[in-house]
>>> print(open('input-v9.cif').read())   # mmCIF, C-alpha atoms and all ligand atoms
data_data
#
loop_
_atom_site.label_atom_id
_atom_site.label_comp_id
_atom_site.auth_asym_id
_atom_site.auth_seq_id
_atom_site.Cartn_x
_atom_site.Cartn_y
_atom_site.Cartn_z
CA MET K 1475 20.80 8.92 1.65
CA PRO K 1476 20.03 9.32 5.37
CA LEU K 1477 17.15 11.60 6.30
CA MET K 1478 17.46 11.26 10.06
CA THR K 1479 18.60 14.69 11.24
CA TYR K 1480 17.72 18.27 10.36
CA ALA K 1481 21.16 18.77 8.79
CA GLU K 1482 20.64 15.75 6.52
CA VAL K 1483 17.09 16.70 5.57
CA ARG K 1484 17.44 20.46 5.00
CA PRO K 1485 19.29 20.32 1.64
CA TRP K 1486 16.55 17.98 0.32
CA ALA K 1487 13.55 20.00 1.47
CA LYS K 1488 12.30 20.95 -2.03
CA ALA K 1489 12.79 17.39 -3.32
CA ILE K 1490 10.94 16.00 -0.29
CA LYS K 1491 8.00 18.31 -0.94
CA HIS K 1492 7.88 17.14 -4.55
CA GLN K 1493 8.12 13.45 -3.56
CA VAL K 1494 5.29 13.62 -1.02
CA LEU K 1495 3.02 15.86 -3.14
CA THR K 1496 3.33 13.52 -6.11
CA LYS K 1497 2.86 10.55 -3.71
CA ARG K 1498 6.02 8.84 -4.93
CA MET K 1499 7.19 8.72 -1.30
CA PRO K 1500 6.71 6.76 0.86
CA PRO K 1501 6.48 3.99 -1.78
CA TRP K 1502 3.27 1.96 -1.71
CA GLY K 1503 1.78 1.50 -5.15
CA ALA K 1504 -1.88 1.01 -4.25
CA VAL K 1505 -4.25 3.81 -5.26
CA LYS K 1506 -5.84 5.42 -2.20
CA GLY K 1507 -9.58 4.88 -1.71
CA PHE K 1508 -9.67 1.61 -3.64
CA GLY K 1509 -9.47 -1.05 -0.92
CA ALA K 1510 -8.04 -0.52 2.59
CA PHE K 1511 -4.86 -2.22 3.79
CA LEU K 1512 -2.77 -3.05 6.82
CA ASP K 1513 0.82 -1.71 6.66
CA ASP K 1514 -0.23 1.20 4.41
CA PRO K 1515 2.56 3.75 4.99
CA SER K 1516 0.97 6.49 2.84
CA LEU K 1517 0.79 9.95 4.32
CA SER K 1518 -2.63 11.48 5.00
CA LEU K 1519 -3.57 14.75 3.28
CA PRO K 1520 -3.00 16.74 6.53
CA GLU K 1521 0.47 15.14 6.88
CA ILE K 1522 1.32 16.05 3.29
CA ALA K 1523 0.07 19.61 3.94
CA VAL K 1524 2.31 19.92 7.04
CA ILE K 1525 5.43 18.85 5.09
CA SER K 1526 4.56 21.03 2.13
CA SER K 1527 3.91 24.18 4.20
CA TRP K 1528 7.08 23.58 6.22
CA VAL K 1529 9.06 23.63 2.97
CA GLU K 1530 7.15 26.66 1.65
CA GLY K 1531 7.94 28.43 4.93
CA GLY K 1532 11.69 28.02 4.37
CA ALA K 1533 12.09 24.61 6.10
CA PRO K 1534 13.02 26.11 9.50
CA GLU K 1535 14.58 24.01 12.23
CA GLY K 1536 12.17 23.31 15.07
CA ASP K 1537 12.78 23.66 18.79
CA PRO K 1538 15.04 20.73 19.80
CA LYS K 1539 12.96 20.24 22.95
CA TYR K 1540 10.17 18.77 20.78
CA LEU K 1541 12.52 16.40 18.96
CA GLN K 1542 11.46 12.75 19.00
CA PRO K 1543 14.05 10.23 20.25
CA PRO K 1544 15.93 8.73 17.28
CA HIS K 1545 14.10 5.84 15.68
CA ASP K 1546 15.72 2.45 16.21
CA HIS K 1547 15.31 0.65 12.89
CA ASN K 1548 16.58 -2.61 14.39
CA SER K 1549 13.66 -2.70 16.80
CA ARG K 1550 11.11 -2.82 13.97
CA THR K 1551 8.81 -5.76 14.56
CA VAL K 1552 7.17 -7.21 11.53
CA GLU K 1553 3.72 -8.50 12.41
CA SER K 1554 3.01 -11.99 11.24
CA ARG K 1555 0.17 -12.30 8.80
CA PRO K 1556 -2.37 -15.13 8.62
CA ALA K 1557 -1.57 -18.29 6.69
CA ALA K 1558 -3.42 -18.16 3.40
CA ARG K 1559 -3.70 -20.03 0.13
CA ARG K 1560 -3.22 -18.36 -3.23
CA ARG K 1561 -5.87 -18.26 -5.93
CA THR K 1562 -4.29 -16.89 -9.08
CA ILE K 1563 -6.64 -14.64 -11.03
CA ARG K 1564 -5.90 -13.92 -14.65
CA GLY K 1565 -8.84 -12.22 -16.29
CA ASP K 1566 -11.94 -13.73 -14.70
CA LEU K 1567 -12.45 -16.37 -12.01
CA ARG K 1568 -15.74 -17.60 -10.52
CA LEU K 1569 -15.50 -18.99 -6.98
CA ASP K 1570 -17.15 -22.40 -6.70
CA ARG K 1571 -17.36 -22.08 -2.90
CA ALA K 1572 -17.17 -19.44 -0.20
CA VAL K 1573 -13.76 -18.15 0.91
CA VAL K 1574 -12.45 -15.43 3.17
CA ALA K 1575 -10.16 -13.07 1.24
CA VAL K 1576 -7.38 -11.68 3.47
CA GLY K 1577 -5.13 -9.98 0.94
CA ALA K 1578 -3.68 -9.90 -2.55
CA ARG K 1579 -0.19 -10.52 -3.85
CA ALA K 1580 1.00 -8.82 -7.02
CA GLY K 1581 3.92 -10.12 -9.02
CA ASN K 1582 7.02 -8.04 -9.57
CA GLY K 1583 7.96 -9.56 -12.90
CA PRO K 1584 8.59 -7.69 -16.12
CA GLY K 1585 5.46 -6.12 -17.52
CA SER K 1586 3.87 -5.80 -14.08
CA GLY K 1587 2.12 -2.53 -14.79
CA TRP K 1588 -1.17 -1.23 -13.47
CA LEU K 1589 -3.90 -3.65 -12.46
CA GLN K 1590 -7.29 -3.61 -10.83
CA LEU K 1591 -8.96 -6.40 -8.88
CA THR K 1592 -12.68 -6.32 -8.13
CA ALA K 1593 -15.11 -8.87 -6.70
CA HIS K 1594 -18.63 -9.05 -8.12
CA LEU K 1595 -20.81 -10.73 -5.49
CA PRO K 1596 -23.90 -12.79 -6.34
CA ASP K 1597 -26.13 -10.14 -4.67
CA GLY K 1598 -24.97 -7.63 -7.32
CA SER K 1599 -22.63 -5.67 -5.03
CA VAL K 1600 -19.07 -4.90 -6.12
CA GLU K 1601 -16.06 -4.85 -3.78
CA HIS K 1602 -12.99 -2.90 -4.93
CA LEU K 1603 -10.05 -4.96 -3.69
CA LEU K 1604 -6.85 -3.53 -5.17
CA TRP K 1605 -5.72 -0.96 -7.74
CA LEU K 1606 -2.02 -0.74 -8.47
CA SER K 1607 -1.07 2.29 -10.47
CA GLY K 1608 2.14 0.97 -12.05
CA PRO K 1609 5.27 -1.03 -11.35
CA ARG K 1610 5.42 -2.28 -7.73
CA PRO K 1611 7.73 -0.37 -5.42
CA PRO K 1612 10.68 -2.60 -4.43
CA GLY K 1613 9.84 -4.89 -1.52
CA THR K 1614 6.08 -4.38 -1.77
CA SER K 1615 4.06 -7.24 -3.15
CA ASP K 1616 1.63 -8.21 -0.40
CA TYR K 1617 -1.40 -6.06 0.25
CA TRP K 1618 -3.24 -7.34 3.35
CA PHE K 1619 -6.84 -6.22 3.60
CA ARG K 1620 -7.63 -4.19 6.70
CA THR K 1621 -10.82 -6.24 7.07
CA PRO K 1622 -11.03 -9.85 5.85
CA LEU K 1623 -13.77 -10.17 3.28
CA ASN K 1624 -16.32 -13.00 3.06
CA LEU K 1625 -16.80 -13.92 -0.57
CA PRO K 1626 -19.68 -16.34 -1.18
CA GLY K 1627 -19.57 -19.11 -3.78
CA GLY K 1628 -20.52 -17.70 -7.17
CA THR K 1629 -18.50 -14.49 -6.63
CA ARG K 1630 -16.80 -13.41 -9.85
CA LEU K 1631 -13.29 -12.02 -9.42
CA VAL K 1632 -12.14 -9.76 -12.22
CA CYS K 1633 -8.55 -8.71 -12.81
CA THR K 1634 -7.90 -6.07 -15.50
CA PRO K 1635 -6.16 -5.59 -17.88
CA ALA K 1636 -6.58 -9.07 -19.37
CA ALA K 1637 -2.82 -9.71 -19.52
CA ALA K 1638 -2.35 -8.98 -15.80
CA SER K 1639 -2.56 -11.53 -13.02
CA VAL K 1640 -2.77 -11.31 -9.26
CA ASP K 1641 -2.93 -13.82 -6.42
CA LEU K 1642 -5.86 -13.48 -4.07
CA LEU K 1643 -4.84 -14.67 -0.57
CA VAL K 1644 -7.71 -16.73 0.82
CA GLN K 1645 -8.70 -18.85 3.79
CA ASP K 1646 -11.48 -21.40 4.03
CA SER K 1647 -14.81 -19.91 4.98
CA ALA K 1648 -16.41 -21.12 8.23
CA LYS K 1649 -19.85 -20.83 6.56
C1 LIG K 1701 14.53 13.77 -1.46
C2 LIG K 1701 13.42 13.08 -1.47
C3 LIG K 1701 13.40 11.57 -1.60
C4 LIG K 1701 14.02 10.77 -2.52
C5 LIG K 1701 14.88 11.22 -3.71
C6 LIG K 1701 13.70 9.40 -2.18
C7 LIG K 1701 14.14 8.28 -2.87
C8 LIG K 1701 13.89 6.98 -2.50
C9 LIG K 1701 14.34 5.81 -3.21
C10 LIG K 1701 15.16 5.85 -4.51
C11 LIG K 1701 13.92 4.72 -2.53
C12 LIG K 1701 14.18 3.25 -2.91
C13 LIG K 1701 12.90 2.58 -3.35
C14 LIG K 1701 12.25 3.17 -4.57
O1 LIG K 1701 12.96 3.47 -5.56
O2 LIG K 1701 11.02 3.34 -4.58
C15 LIG K 1701 13.18 5.19 -1.39
C16 LIG K 1701 12.57 4.37 -0.46
C17 LIG K 1701 11.75 4.81 0.55
N1 LIG K 1701 11.41 6.12 0.84
FE1 LIG K 1701 12.12 7.74 -0.14
N2 LIG K 1701 12.89 9.39 -1.07
C18 LIG K 1701 12.68 10.69 -0.69
C19 LIG K 1701 11.92 11.14 0.37
C20 LIG K 1701 11.16 10.32 1.19
C21 LIG K 1701 10.25 10.80 2.22
C22 LIG K 1701 10.01 12.29 2.54
C23 LIG K 1701 9.69 9.70 2.80
C24 LIG K 1701 8.67 9.61 3.90
C25 LIG K 1701 7.68 10.46 4.01
C26 LIG K 1701 10.27 8.53 2.15
C27 LIG K 1701 9.98 7.23 2.48
C28 LIG K 1701 10.56 6.13 1.90
C29 LIG K 1701 10.32 4.76 2.35
C30 LIG K 1701 9.40 4.33 3.49
C31 LIG K 1701 11.07 3.95 1.51
C32 LIG K 1701 11.15 2.41 1.55
C33 LIG K 1701 12.30 2.04 2.44
C34 LIG K 1701 12.36 0.55 2.67
O3 LIG K 1701 11.64 -0.22 2.01
O4 LIG K 1701 13.15 0.15 3.54
N3 LIG K 1701 11.14 8.95 1.18
N4 LIG K 1701 13.19 6.56 -1.39
#
>>> encode(input="input-v9.cif", output="structure tokens", more="lines below")
Ligand code: HEM
Amino acid sequence: MPLMTYAEVRPWAKAIKHQVLTKRMPPWGAVKGFGAFLDDPSLSLPEIAVISSWVEGGAPEGDPKYLQPPHDHNSRTVESRPAARRRTIRGDLRLDRAVVAVGARAGNGPGSGWLQLTAHLPDGSVEHLLWLSGPRPPGTSDYWFRTPLNLPGGTRLVCTPAAASVDLLVQDSAK
């Protein structure tokens, strides 16, 4: 259903409030605060508060002079992402040499429920890479890290639950 104009949005105001408060919309799948990603469309808490209070206030129409020009969906440019190899992690995997982790790719197959991916570095520190709370939203499988991560040889990658698997997207380390 189109949600481009006030007339199209108004009848859905209550449903929109529910969707954004429960974080079902916009679809993303990754739990906030566990890893940081490029392309993350999630709304911030202040944005959610603005939508929610607008609905609570009766969803009034704003002044048309502040209306943004209509969004041209055809002009959307998709940024290219770095070439990377896949290291499939099922359970536990110990890196035999250093790599740069640039993202993670989660399968969409049946049974693709929640999963968590963490990296345990040889110095004892733990990096939280990805936490998916349930089935992947359609069209979302690649989660590119906001900052590439240097993982030294000896790093232990852990994917839970044991039955889950995830591809870590890696490049060779310059070190
Ligand atoms: C009446 C409330 C809404 C309903 C019932 C609804 C429903 C849906 C459904 C069924 C999809 C298809 C994908 C899926 O099932 O996850 C979808 C996609 C999407 N929705 Fe919503 N939605 C609502 C409100 C919103 C709002 C308020 C936003 C933004 C804040 C939003 C952003 C998106 C985005 C970004 C997509 C993905 C589109 C794409 O991949 O091209 N939705 N929505």
>>> atom_distance(input="input-v9.cif", atom1="CA of Asp1537 in chain K", atom2="CA of Ala1523 in chain K")
20.0 Å
>>> closest_atom_pairs(input="input-v9.cif", of="chain K", to="ligand LIG 1701 (chain K)", cutoff="9 Å", atoms="all atoms listed in the file", output="Markdown table")
| residue | atom | partner | partner_atom | distance |
| --- | --- | --- | --- | --- |
| K:Met1475 | CA | K:LIG1701 | C7 | 8.1 |
| K:Leu1477 | CA | K:LIG1701 | C19 | 7.9 |
| K:Val1483 | CA | K:LIG1701 | C1 | 8.0 |
| K:Pro1485 | CA | K:LIG1701 | C1 | 8.7 |
| K:Trp1486 | CA | K:LIG1701 | C1 | 5.0 |
| K:Ala1487 | CA | K:LIG1701 | C1 | 7.0 |
| K:Lys1488 | CA | K:LIG1701 | C1 | 7.5 |
| K:Ala1489 | CA | K:LIG1701 | C1 | 4.4 |
| K:Ile1490 | CA | K:LIG1701 | C2 | 4.0 |
| K:Lys1491 | CA | K:LIG1701 | C22 | 7.2 |
| K:His1492 | CA | K:LIG1701 | C2 | 7.5 |
| K:Gln1493 | CA | K:LIG1701 | C2 | 5.7 |
| K:Val1494 | CA | K:LIG1701 | C22 | 6.1 |
| K:Arg1498 | CA | K:LIG1701 | O2 | 7.4 |
| K:Met1499 | CA | K:LIG1701 | C26 | 4.6 |
| K:Pro1500 | CA | K:LIG1701 | C27 | 3.7 |
| K:Pro1501 | CA | K:LIG1701 | O2 | 5.4 |
| K:Trp1502 | CA | K:LIG1701 | O2 | 8.4 |
| K:Pro1515 | CA | K:LIG1701 | C30 | 7.0 |
| K:Ser1516 | CA | K:LIG1701 | C25 | 7.9 |
| K:Leu1517 | CA | K:LIG1701 | C25 | 6.9 |
| K:Ile1522 | CA | K:LIG1701 | C25 | 8.5 |
| K:Ile1525 | CA | K:LIG1701 | C22 | 8.4 |
| K:Arg1610 | CA | K:LIG1701 | O2 | 8.5 |
| K:Pro1611 | CA | K:LIG1701 | O2 | 5.0 |
| K:Pro1612 | CA | K:LIG1701 | C13 | 5.7 |
| K:Gly1613 | CA | K:LIG1701 | O3 | 6.1 |
| K:Thr1614 | CA | K:LIG1701 | O3 | 7.9 |
>>> closest_residue(input="input-v9.cif", among="K:Ala1557, K:Ala1636, K:Leu1595, K:Leu1604", to="Arg1579 in chain K", atoms="all atoms listed in the file")
K:Leu1604
>>> residues_near_point(input="input-v9.cif", point="(-7.6, -4.1, -10.0)", cutoff="12 Å", atoms="all atoms listed in the file", output="PyMOL selection string")
chain K and resi 1503-1505+1508-1509+1563-1566+1578-1580+1587-1593+1601-1608+1631-1636+1638-1642
>>> write_last_selection(input="input-v9.cif", atoms="C-alpha atoms", output="PDB file, in the coordinates of the input")
ATOM      1  CA  GLY K1503       1.780   1.500  -5.150  1.00  0.00           C
ATOM      2  CA  ALA K1504      -1.880   1.010  -4.250  1.00  0.00           C
ATOM      3  CA  VAL K1505      -4.250   3.810  -5.260  1.00  0.00           C
ATOM      4  CA  PHE K1508      -9.670   1.610  -3.640  1.00  0.00           C
ATOM      5  CA  GLY K1509      -9.470  -1.050  -0.920  1.00  0.00           C
ATOM      6  CA  ILE K1563      -6.640 -14.640 -11.030  1.00  0.00           C
ATOM      7  CA  ARG K1564      -5.900 -13.920 -14.650  1.00  0.00           C
ATOM      8  CA  GLY K1565      -8.840 -12.220 -16.290  1.00  0.00           C
ATOM      9  CA  ASP K1566     -11.940 -13.730 -14.700  1.00  0.00           C
ATOM     10  CA  ALA K1578      -3.680  -9.900  -2.550  1.00  0.00           C
ATOM     11  CA  ARG K1579      -0.190 -10.520  -3.850  1.00  0.00           C
ATOM     12  CA  ALA K1580       1.000  -8.820  -7.020  1.00  0.00           C
ATOM     13  CA  GLY K1587       2.120  -2.530 -14.790  1.00  0.00           C
ATOM     14  CA  TRP K1588      -1.170  -1.230 -13.470  1.00  0.00           C
ATOM     15  CA  LEU K1589      -3.900  -3.650 -12.460  1.00  0.00           C
ATOM     16  CA  GLN K1590      -7.290  -3.610 -10.830  1.00  0.00           C
ATOM     17  CA  LEU K1591      -8.960  -6.400  -8.880  1.00  0.00           C
ATOM     18  CA  THR K1592     -12.680  -6.320  -8.130  1.00  0.00           C
ATOM     19  CA  ALA K1593     -15.110  -8.870  -6.700  1.00  0.00           C
ATOM     20  CA  GLU K1601     -16.060  -4.850  -3.780  1.00  0.00           C
ATOM     21  CA  HIS K1602     -12.990  -2.900  -4.930  1.00  0.00           C
ATOM     22  CA  LEU K1603     -10.050  -4.960  -3.690  1.00  0.00           C
ATOM     23  CA  LEU K1604      -6.850  -3.530  -5.170  1.00  0.00           C
ATOM     24  CA  TRP K1605      -5.720  -0.960  -7.740  1.00  0.00           C
ATOM     25  CA  LEU K1606      -2.020  -0.740  -8.470  1.00  0.00           C
ATOM     26  CA  SER K1607      -1.070   2.290 -10.470  1.00  0.00           C
ATOM     27  CA  GLY K1608       2.140   0.970 -12.050  1.00  0.00           C
ATOM     28  CA  LEU K1631     -13.290 -12.020  -9.420  1.00  0.00           C
ATOM     29  CA  VAL K1632     -12.140  -9.760 -12.220  1.00  0.00           C
ATOM     30  CA  CYS K1633      -8.550  -8.710 -12.810  1.00  0.00           C
ATOM     31  CA  THR K1634      -7.900  -6.070 -15.500  1.00  0.00           C
ATOM     32  CA  PRO K1635      -6.160  -5.590 -17.880  1.00  0.00           C
ATOM     33  CA  ALA K1636      -6.580  -9.070 -19.370  1.00  0.00           C
ATOM     34  CA  ALA K1638      -2.350  -8.980 -15.800  1.00  0.00           C
ATOM     35  CA  SER K1639      -2.560 -11.530 -13.020  1.00  0.00           C
ATOM     36  CA  VAL K1640      -2.770 -11.310  -9.260  1.00  0.00           C
ATOM     37  CA  ASP K1641      -2.930 -13.820  -6.420  1.00  0.00           C
ATOM     38  CA  LEU K1642      -5.860 -13.480  -4.070  1.00  0.00           C
TER      39      LEU K1642
END
>>> atom_distance(input="input-v9.cif", atom1="CA of Asn1548 in chain K", atom2="CA of Met1478 in chain K")
14.6 Å
>>> closest_residue(input="input-v9.cif", among="K:Ser1586, K:Thr1562, K:Ser1599, K:Ser1554", to="Trp1618 in chain K", atoms="only C-alpha atoms")
K:Ser1554
>>> residues_around(input="input-v9.cif", residues="Pro1596 in chain K", least_positions_apart="4", cutoff="8 Å", atoms="all atoms listed in the file", output="count of residues only")
4
>>> atom_distance(input="input-v9.cif", atom1="CA of Leu1569 in chain K", atom2="CA of Pro1556 in chain K")
20.8 Å
>>> closest_residue(input="input-v9.cif", among="K:Val1600, K:Leu1495, K:Val1576, K:Thr1479", to="Asn1624 in chain K", atoms="all atoms listed in the file")
K:Val1576
>>> closest_residue(input="input-v9.cif", among="K:Gln1645, K:Arg1571, K:Pro1609, K:Gly1577", to="Gly1627 in chain K", atoms="only C-alpha atoms")
K:Arg1571
>>> closest_residue(input="input-v9.cif", among="K:Arg1560, K:Lys1539, K:Lys1497, K:Arg1568", to="Leu1519 in chain K", atoms="all atoms listed in the file")
K:Lys1497
>>> residues_around(input="input-v9.cif", residues="Leu1623 in chain K", least_positions_apart="2", cutoff="9 Å", atoms="all atoms listed in the file", output="PyMOL selection string")
chain K and resi 1573-1577+1619+1621+1625
>>> closest_residue(input="input-v9.cif", among="K:Trp1528, K:Arg1555, K:Asp1570, K:Arg1484", to="Arg1620 in chain K", atoms="only C-alpha atoms")
K:Arg1555
>>> build_atoms(input="input-v9.cif", residues="range 1530-1546 of chain K", atoms="N, CA and C atoms", output="short mmCIF file (atom, residue, chain, number, x, y, z; two decimals), in the frame of the given file")
data_model
loop_
_atom_site.label_atom_id
_atom_site.label_comp_id
_atom_site.auth_asym_id
_atom_site.auth_seq_id
_atom_site.Cartn_x
_atom_site.Cartn_y
_atom_site.Cartn_z
N GLU K 1530 7.52 25.33 2.16
CA GLU K 1530 7.15 26.66 1.65
C GLU K 1530 7.60 27.76 2.61
N GLY K 1531 7.57 27.44 3.91
CA GLY K 1531 7.94 28.43 4.93
C GLY K 1531 9.45 28.50 5.15
N GLY K 1532 10.24 27.91 4.26
CA GLY K 1532 11.69 28.02 4.37
C GLY K 1532 12.34 26.88 5.12
N ALA K 1533 11.58 25.82 5.42
CA ALA K 1533 12.09 24.61 6.10
C ALA K 1533 12.88 24.95 7.36
N PRO K 1534 12.27 25.72 8.30
CA PRO K 1534 13.02 26.11 9.50
C PRO K 1534 13.27 24.93 10.43
N GLU K 1535 14.31 25.05 11.23
CA GLU K 1535 14.58 24.01 12.23
C GLU K 1535 13.64 24.26 13.42
N GLY K 1536 13.08 23.17 13.93
CA GLY K 1536 12.17 23.31 15.07
C GLY K 1536 12.94 23.45 16.37
N ASP K 1537 12.17 23.58 17.46
CA ASP K 1537 12.78 23.66 18.79
C ASP K 1537 13.24 22.26 19.19
N PRO K 1538 14.55 22.08 19.50
CA PRO K 1538 15.04 20.73 19.80
C PRO K 1538 14.31 20.07 20.97
N LYS K 1539 13.63 20.87 21.80
CA LYS K 1539 12.96 20.24 22.95
C LYS K 1539 11.77 19.38 22.50
N TYR K 1540 11.28 19.60 21.28
CA TYR K 1540 10.17 18.77 20.78
C TYR K 1540 10.66 17.60 19.91
N LEU K 1541 11.98 17.44 19.83
CA LEU K 1541 12.52 16.40 18.96
C LEU K 1541 12.19 15.01 19.50
N GLN K 1542 11.73 14.14 18.61
CA GLN K 1542 11.46 12.75 19.00
C GLN K 1542 12.79 12.03 19.24
N PRO K 1543 12.82 11.01 20.14
CA PRO K 1543 14.05 10.23 20.25
C PRO K 1543 14.34 9.55 18.92
N PRO K 1544 15.63 9.34 18.59
CA PRO K 1544 15.93 8.73 17.28
C PRO K 1544 15.27 7.37 17.14
N HIS K 1545 14.80 7.10 15.93
CA HIS K 1545 14.10 5.84 15.68
C HIS K 1545 15.09 4.70 15.57
N ASP K 1546 14.82 3.60 16.27
CA ASP K 1546 15.72 2.45 16.21
C ASP K 1546 15.18 1.48 15.17
#
